[in-house]
file upload-v1.csv (CSV, C-alpha atoms)
chain,number,residue,atom,x,y,z
Y,119,MET,CA,0.0,0.0,0.0
Y,120,ASN,CA,1.0,3.6,-0.5
Y,121,PRO,CA,2.7,5.0,2.7
Y,122,SER,CA,0.3,7.9,2.8
Y,123,THR,CA,-2.6,5.5,3.2
Y,124,ALA,CA,-1.0,3.9,6.2
Y,125,GLN,CA,-0.2,7.4,7.7
Y,126,ARG,CA,-3.9,8.4,7.7
Y,127,GLY,CA,-5.0,5.3,9.5
Y,128,VAL,CA,-6.5,3.2,6.7
Y,129,SER,CA,-4.3,0.5,5.3
Y,130,PHE,CA,-4.0,-3.2,4.6
Y,131,PRO,CA,-4.1,-5.2,7.9
Y,132,ASP,CA,-0.8,-5.8,9.6
Y,133,PRO,CA,0.6,-9.4,9.5
Y,134,GLU,CA,-0.8,-10.4,12.9
Y,135,SER,CA,-4.3,-9.0,12.2
Y,136,TRP,CA,-4.3,-10.6,8.8
Y,137,ALA,CA,-3.4,-14.0,10.3
Y,138,ASN,CA,-6.2,-13.6,12.8
Y,139,ILE,CA,-8.7,-12.8,10.0
Y,140,VAL,CA,-7.7,-15.9,8.1
Y,141,ARG,CA,-7.9,-18.1,11.2
Y,142,ASP,CA,-11.1,-16.7,12.6
Y,143,CYS,CA,-12.9,-16.8,9.3
Y,144,LYS,CA,-11.5,-20.3,8.6
Y,145,LEU,CA,-10.3,-19.3,5.2
Y,146,THR,CA,-8.3,-21.7,2.9
Y,147,ASP,CA,-5.2,-20.5,1.2
Y,148,ALA,CA,-7.2,-19.8,-2.0
Y,149,GLN,CA,-9.9,-17.9,-0.1
Y,150,ALA,CA,-7.3,-15.9,1.8
Y,151,ASN,CA,-5.6,-15.1,-1.5
Y,152,LYS,CA,-8.8,-13.9,-3.0
Y,153,LEU,CA,-9.6,-11.7,0.0
Y,154,GLU,CA,-6.1,-10.2,-0.1
Y,155,ILE,CA,-6.4,-9.4,-3.8
Y,156,THR,CA,-9.9,-7.9,-3.4
Y,157,LEU,CA,-8.9,-5.8,-0.4
Y,158,LYS,CA,-5.7,-4.4,-1.9
Y,159,GLU,CA,-7.4,-3.5,-5.1
Y,160,ALA,CA,-10.2,-1.6,-3.2
Y,161,LEU,CA,-7.8,0.2,-1.0
Y,162,ASP,CA,-5.5,1.1,-3.9
Y,163,TYR,CA,-8.4,2.4,-5.9
Y,164,ILE,CA,-9.5,4.7,-3.0
Y,165,GLU,CA,-6.0,5.9,-2.6
Y,166,ASN,CA,-5.4,6.7,-6.2
Y,167,ALA,CA,-8.8,8.1,-7.3
Y,168,LEU,CA,-8.4,11.6,-5.9
Y,169,LYS,CA,-4.7,11.7,-6.8
Y,170,ARG,CA,-5.5,11.0,-10.4
Y,171,LEU,CA,-8.0,13.8,-10.4
Y,172,ARG,CA,-5.6,16.2,-8.8
Y,173,ASN,CA,-2.7,15.3,-11.1
Y,174,GLU,CA,-4.9,15.6,-14.2
Y,175,CYS,CA,-6.0,19.1,-13.1
Y,176,GLN,CA,-2.4,20.1,-12.4
Y,177,ARG,CA,-1.3,19.0,-15.9
Y,178,GLY,CA,-4.5,20.3,-17.6
Y,179,ALA,CA,-5.0,23.6,-15.9
Y,180,LYS,CA,-4.2,25.5,-19.1
Y,181,LEU,CA,-6.4,23.2,-21.2
Y,182,MET,CA,-9.3,23.7,-18.9
Y,183,GLU,CA,-9.2,27.4,-19.6
Y,184,PHE,CA,-10.1,26.6,-23.2
Y,185,PHE,CA,-12.3,23.5,-22.8
Y,186,LEU,CA,-14.4,24.0,-19.7
Y,187,PRO,CA,-17.9,25.3,-20.8
Y,188,SER,CA,-18.4,29.0,-20.0
Y,189,ASP,CA,-21.4,28.3,-17.9
Y,190,THR,CA,-19.2,26.0,-15.7
Y,191,LEU,CA,-16.5,28.6,-15.4
Y,192,GLY,CA,-19.1,31.2,-14.5
Y,193,PHE,CA,-20.7,28.9,-11.9
Y,194,ILE,CA,-17.4,28.2,-10.3
Y,195,GLY,CA,-16.9,32.0,-9.6
Y,196,GLU,CA,-20.5,32.7,-8.7
Y,197,SER,CA,-20.5,29.9,-6.1
Y,198,LEU,CA,-17.5,31.3,-4.1
Y,199,THR,CA,-17.1,34.3,-1.8
Y,200,PHE,CA,-14.6,37.0,-2.6
Y,201,SER,CA,-12.4,35.8,0.2
Y,202,ALA,CA,-12.3,32.3,-1.3
Y,203,LEU,CA,-11.7,33.7,-4.8
Y,204,SER,CA,-8.9,35.9,-3.5
Y,205,GLU,CA,-7.2,32.9,-1.8
Y,206,ALA,CA,-7.5,30.8,-4.9
Y,207,LEU,CA,-6.0,33.5,-7.2
Y,208,GLY,CA,-3.4,34.8,-4.7
Y,209,ARG,CA,-4.6,38.4,-4.7
Y,210,ASP,CA,-7.4,40.6,-3.4
Y,211,VAL,CA,-10.3,40.5,-5.8
Y,212,PHE,CA,-12.9,42.2,-3.7
Y,213,PRO,CA,-14.4,45.2,-5.6
Y,214,LYS,CA,-12.6,48.3,-4.5
Y,215,SER,CA,-15.8,50.5,-4.6
Y,216,TYR,CA,-18.1,48.1,-2.9
Y,217,ASP,CA,-17.5,49.4,0.6
Y,218,PHE,CA,-18.7,52.8,-0.6
Y,219,LYS,CA,-21.8,51.2,-2.2
Y,220,ILE,CA,-22.7,49.6,1.1
Y,221,GLN,CA,-22.3,53.0,2.9
Y,222,VAL,CA,-24.6,54.6,0.3
Y,223,LYS,CA,-27.2,51.8,0.8
Y,224,GLN,CA,-27.1,52.1,4.5
Y,225,SER,CA,-27.5,55.9,4.3
Y,226,GLN,CA,-30.6,55.4,2.2
Y,227,GLY,CA,-32.0,53.1,4.8
Y,228,ASP,CA,-31.5,49.9,2.8
Y,229,ARG,CA,-31.1,46.7,4.8
Y,230,ILE,CA,-27.8,45.0,4.1
Y,231,THR,CA,-28.0,41.2,4.4
Y,232,LEU,CA,-25.8,38.3,3.3
Y,233,ALA,CA,-28.4,37.5,0.6
Y,234,SER,CA,-28.4,41.0,-0.8
Y,235,LEU,CA,-24.6,41.1,-0.8
Y,236,GLU,CA,-24.5,37.8,-2.7
Y,237,GLN,CA,-27.0,39.1,-5.2
Y,238,ASP,CA,-25.3,42.4,-5.7
Y,239,THR,CA,-21.9,40.8,-6.4
Y,240,ARG,CA,-23.1,37.8,-8.3
Y,241,ARG,CA,-22.1,39.2,-11.7
Y,242,THR,CA,-18.7,40.2,-10.5
Y,243,ARG,CA,-18.0,36.8,-9.1
Y,244,GLU,CA,-19.3,35.2,-12.3
Y,245,ALA,CA,-17.0,37.3,-14.3
Y,246,LEU,CA,-14.0,36.2,-12.2
Y,247,GLY,CA,-15.0,32.6,-12.8
Y,248,LEU,CA,-15.3,33.1,-16.6
Y,249,LYS,CA,-11.8,34.6,-16.6
Y,250,HIS,CA,-10.0,32.4,-14.0
Y,251,GLY,CA,-12.3,29.4,-13.4
Y,252,HIS,CA,-9.7,26.9,-14.5
Y,253,LEU,CA,-7.2,28.2,-11.9
Y,254,ILE,CA,-9.9,28.4,-9.2
Y,255,LEU,CA,-11.0,24.8,-9.9
Y,256,THR,CA,-7.5,23.5,-9.8
Y,257,TYR,CA,-7.0,25.3,-6.5
Y,258,LEU,CA,-10.2,23.9,-5.0
Y,259,ILE,CA,-9.2,20.3,-5.9
Y,260,GLU,CA,-5.8,20.8,-4.3
Y,261,ARG,CA,-7.4,22.1,-1.1
Y,262,ILE,CA,-10.0,19.3,-1.1
Y,263,HIS,CA,-7.5,16.5,-1.7
Y,264,GLY,CA,-5.4,17.1,1.5
Y,265,PRO,CA,-8.3,17.1,4.0
Y,266,LEU,CA,-9.9,14.1,2.3
Y,267,GLU,CA,-6.7,12.1,2.8
Y,268,ARG,CA,-7.1,12.7,6.6
Y,269,TRP,CA,-10.9,12.4,6.6
Y,270,ILE,CA,-11.1,8.7,7.6
Y,271,GLU,CA,-8.6,9.0,10.4
Y,272,LEU,CA,-10.3,12.1,11.8
Y,273,ASN,CA,-13.7,10.5,11.7
Y,274,ARG,CA,-12.4,7.3,13.3
Y,275,LEU,CA,-11.0,9.3,16.3
Y,276,ASN,CA,-14.1,11.5,16.6
Y,277,LYS,CA,-16.4,9.1,18.4
Y,278,GLY,CA,-19.3,11.6,18.4
Y,279,GLY,CA,-19.0,12.6,14.8
Y,280,ARG,CA,-19.9,11.3,11.4
Y,281,ASN,CA,-18.7,7.8,10.5
Y,282,PRO,CA,-16.8,7.3,7.3
Y,283,ASP,CA,-19.8,5.8,5.5
Y,284,ALA,CA,-18.5,6.1,2.0
Y,285,MET,CA,-15.3,4.2,2.7
Y,286,ARG,CA,-17.1,1.5,4.7
Y,287,GLN,CA,-19.8,1.0,2.1
Y,288,TYR,CA,-17.2,0.8,-0.7
Y,289,LEU,CA,-15.2,-1.9,1.0
Y,290,ILE,CA,-18.3,-3.9,2.0
Y,291,TYR,CA,-19.5,-3.7,-1.6
Y,292,HIS,CA,-16.3,-5.2,-2.9
Y,293,LEU,CA,-16.1,-7.8,-0.2
Y,294,ALA,CA,-19.7,-8.8,-1.0
Y,295,GLU,CA,-18.9,-9.0,-4.7
Y,296,ALA,CA,-16.1,-11.4,-3.9
Y,297,ALA,CA,-17.9,-13.3,-1.2
Y,298,PRO,CA,-18.6,-16.5,-3.3
Y,299,ALA,CA,-14.8,-16.9,-3.8
Y,300,ILE,CA,-13.9,-15.9,-0.3
Y,301,LEU,CA,-16.6,-17.7,1.8
Y,302,GLY,CA,-17.9,-20.2,-0.7
Y,303,LYS,CA,-21.3,-18.5,-0.9
Y,304,ALA,CA,-23.0,-15.2,-1.7
Y,305,ALA,CA,-23.1,-12.5,0.9
Y,306,SER,CA,-26.4,-12.6,2.9
Y,307,ILE,CA,-28.7,-9.7,3.5
Y,308,SER,CA,-28.4,-9.9,7.2
Y,309,THR,CA,-26.8,-8.1,10.2
Y,310,THR,CA,-25.3,-11.3,11.4
Y,311,GLY,CA,-23.5,-14.3,10.0
Y,312,GLU,CA,-20.2,-15.2,8.3
Y,313,PHE,CA,-20.2,-12.3,5.9
Y,314,VAL,CA,-20.8,-9.7,8.6
Y,315,ASP,CA,-18.1,-11.3,10.7
Y,316,LEU,CA,-15.7,-11.1,7.7
Y,317,CYS,CA,-16.6,-7.4,7.1
Y,318,SER,CA,-16.2,-6.5,10.7
Y,319,ALA,CA,-12.8,-8.3,11.0
Y,320,VAL,CA,-11.4,-6.8,7.8
Y,321,LEU,CA,-12.6,-3.2,8.1
Y,322,VAL,CA,-11.5,-2.9,11.7
Y,323,ALA,CA,-8.1,-4.3,10.8
Y,324,CYS,CA,-7.9,-1.7,8.1
Y,325,GLY,CA,-8.4,1.1,10.6
Y,326,LEU,CA,-12.2,1.7,10.3
Y,327,PRO,CA,-14.5,1.9,13.3
Y,328,GLU,CA,-16.5,-1.3,14.1
Y,329,SER,CA,-19.6,0.7,14.9
Y,330,GLY,CA,-22.1,0.7,12.0
Y,331,ILE,CA,-20.5,-2.1,10.0
Y,332,ALA,CA,-23.2,-4.8,10.7
Y,333,LYS,CA,-26.0,-2.3,10.1
Y,334,ALA,CA,-24.5,-1.2,6.8
Y,335,VAL,CA,-24.2,-4.7,5.3
Y,336,PRO,CA,-27.9,-5.4,4.3
Y,337,THR,CA,-28.2,-2.1,2.4
Y,338,VAL,CA,-24.9,-2.6,0.6
Y,339,VAL,CA,-25.6,-6.2,-0.3
Y,340,LYS,CA,-29.1,-5.3,-1.7
Y,341,ARG,CA,-27.4,-2.6,-3.8
Y,342,LEU,CA,-24.9,-5.2,-5.2
Y,343,ARG,CA,-27.7,-7.6,-6.0
Y,344,ALA,CA,-29.6,-4.9,-7.8
Y,345,ASP,CA,-26.5,-3.9,-9.8
Y,346,GLN,CA,-25.9,-7.6,-10.7
Y,347,ALA,CA,-29.5,-8.0,-11.8
Y,348,LYS,CA,-29.2,-4.9,-14.1
Y,349,TRP,CA,-26.0,-6.3,-15.5
Y,350,ARG,CA,-27.6,-9.7,-16.3
Y,351,ILE,CA,-30.5,-8.0,-18.0
Y,352,GLY,CA,-28.2,-5.8,-20.0
Y,353,HIS,CA,-26.2,-8.7,-21.1
Y,354,ALA,CA,-29.0,-11.1,-21.8
Y,355,PRO,CA,-28.9,-12.7,-25.3
call {"tool": "encode", "arguments": {"input": "upload-v1.csv", "output": "structure tokens"}}
result
Amino acid sequence: MNPSTAQRGVSFPDPESWANIVRDCKLTDAQANKLEITLKEALDYIENALKRLRNECQRGAKLMEFFLPSDTLGFIGESLTFSALSEALGRDVFPKSYDFKIQVKQSQGDRITLASLEQDTRRTREALGLKHGHLILTYLIERIHGPLERWIELNRLNKGGRNPDAMRQYLIYHLAEAAPAILGKAASISTTGEFVDLCSAVLVACGLPESGIAKAVPTVVKRLRADQAKWRIGHAP
């Protein structure tokens, strides 16, 4: 696994934990090998997905200037505050005359609200997006990537906060998909049983919290079965 994955608390199980999973789930060598392949592929995909997006945006920032639709560029600017736009572009882009306009409005008895400020400056922010949207988008992806790398670890430590549902569901889905080869039978739609025990052992060993795993299994397995049914229909002769 990539070192950064391990640093943020989500990684392939250590040797002792892996041995315990294989023993407790009574896996044969072939079953353990299938589980190892499935788990490593899923973790690697999670690790690399955002990095690919970030790297593509770094390489393609100039191309995005020409190929991103104008309505997308405008929306990028319109959706952000002047503070965020200034940070993205590395300079103050707040309208120089706007403080004076606010004073005039106040002197006329107009009520100044966040909604009115957003509405009054919408066109200016949209114009900044049209001109610099490719740079702003690249900046946003860079800023999002770092916190997301730490997201799982922070949520794991924050017992009162939001659990890493997306990571958990993604791993359960791929374990369910491979369950026939790992356990010798399909994953069951249940909150107990061999498959739930497998998911709990594997996800906890990877660094995810145990809370919520059993409850998540039925929903994920149902989604897998629905996806498989659609696939069969789409590939029917």
call {"tool": "residues_near_point", "arguments": {"input": "upload-v1.csv", "point": "(-7.6, 34.9, -4.6)", "cutoff": "12 Å", "atoms": "all atoms listed in the file", "output": "ChimeraX atom specification"}}
result
/Y:195,198-212,243,246-247,250-251,253-255,257-258
call {"tool": "write_last_selection", "arguments": {"input": "upload-v1.csv", "atoms": "C-alpha atoms", "output": "tab-separated table (two decimals), keeping the file's coordinate frame"}}
result
chain	number	residue	atom	x	y	z
Y	195	GLY	CA	-16.90	32.00	-9.60
Y	198	LEU	CA	-17.50	31.30	-4.10
Y	199	THR	CA	-17.10	34.30	-1.80
Y	200	PHE	CA	-14.60	37.00	-2.60
Y	201	SER	CA	-12.40	35.80	0.20
Y	202	ALA	CA	-12.30	32.30	-1.30
Y	203	LEU	CA	-11.70	33.70	-4.80
Y	204	SER	CA	-8.90	35.90	-3.50
Y	205	GLU	CA	-7.20	32.90	-1.80
Y	206	ALA	CA	-7.50	30.80	-4.90
Y	207	LEU	CA	-6.00	33.50	-7.20
Y	208	GLY	CA	-3.40	34.80	-4.70
Y	209	ARG	CA	-4.60	38.40	-4.70
Y	210	ASP	CA	-7.40	40.60	-3.40
Y	211	VAL	CA	-10.30	40.50	-5.80
Y	212	PHE	CA	-12.90	42.20	-3.70
Y	243	ARG	CA	-18.00	36.80	-9.10
Y	246	LEU	CA	-14.00	36.20	-12.20
Y	247	GLY	CA	-15.00	32.60	-12.80
Y	250	HIS	CA	-10.00	32.40	-14.00
Y	251	GLY	CA	-12.30	29.40	-13.40
Y	253	LEU	CA	-7.20	28.20	-11.90
Y	254	ILE	CA	-9.90	28.40	-9.20
Y	255	LEU	CA	-11.00	24.80	-9.90
Y	257	TYR	CA	-7.00	25.30	-6.50
Y	258	LEU	CA	-10.20	23.90	-5.00
call {"tool": "closest_residue", "arguments": {"input": "upload-v1.csv", "among": "Y:Val339, Y:Cys324, Y:Leu157, Y:Ala284", "to": "Y:Ser306", "atoms": "all atoms listed in the file"}}
result
Y:Val339
call {"tool": "closest_residue", "arguments": {"input": "upload-v1.csv", "among": "Y:His252, Y:Tyr288, Y:Arg240, Y:Asp189", "to": "Y:Tyr163", "atoms": "all atoms listed in the file"}}
result
Y:Tyr288
call {"tool": "atom_distance", "arguments": {"input": "upload-v1.csv", "atom1": "atom CA of Y:Gln221", "atom2": "atom CA of Y:Leu248"}}
result
28.7 Å
call {"tool": "closest_residue", "arguments": {"input": "upload-v1.csv", "among": "Y:Ile351, Y:Ile307, Y:Ala323, Y:Ala233", "to": "Y:Pro133", "atoms": "all atoms listed in the file"}}
result
Y:Ala323
call {"tool": "residues_around", "arguments": {"input": "upload-v1.csv", "residues": "Y:Leu161", "least_positions_apart": "4", "cutoff": "9 Å", "atoms": "all atoms listed in the file", "output": "list in words"}}
result
Met119, Thr123, Val128, Ser129, Phe130, Thr156, Leu157, Glu165, Asn166 and Leu289 of chain Y
call {"tool": "atom_distance", "arguments": {"input": "upload-v1.csv", "atom1": "atom CA of Y:Ala294", "atom2": "atom CA of Y:Glu134"}}
result
23.5 Å
call {"tool": "closest_residue", "arguments": {"input": "upload-v1.csv", "among": "Y:Leu235, Y:Leu293, Y:Ala137, Y:Ile259", "to": "Y:Lys158", "atoms": "all atoms listed in the file"}}
result
Y:Leu293
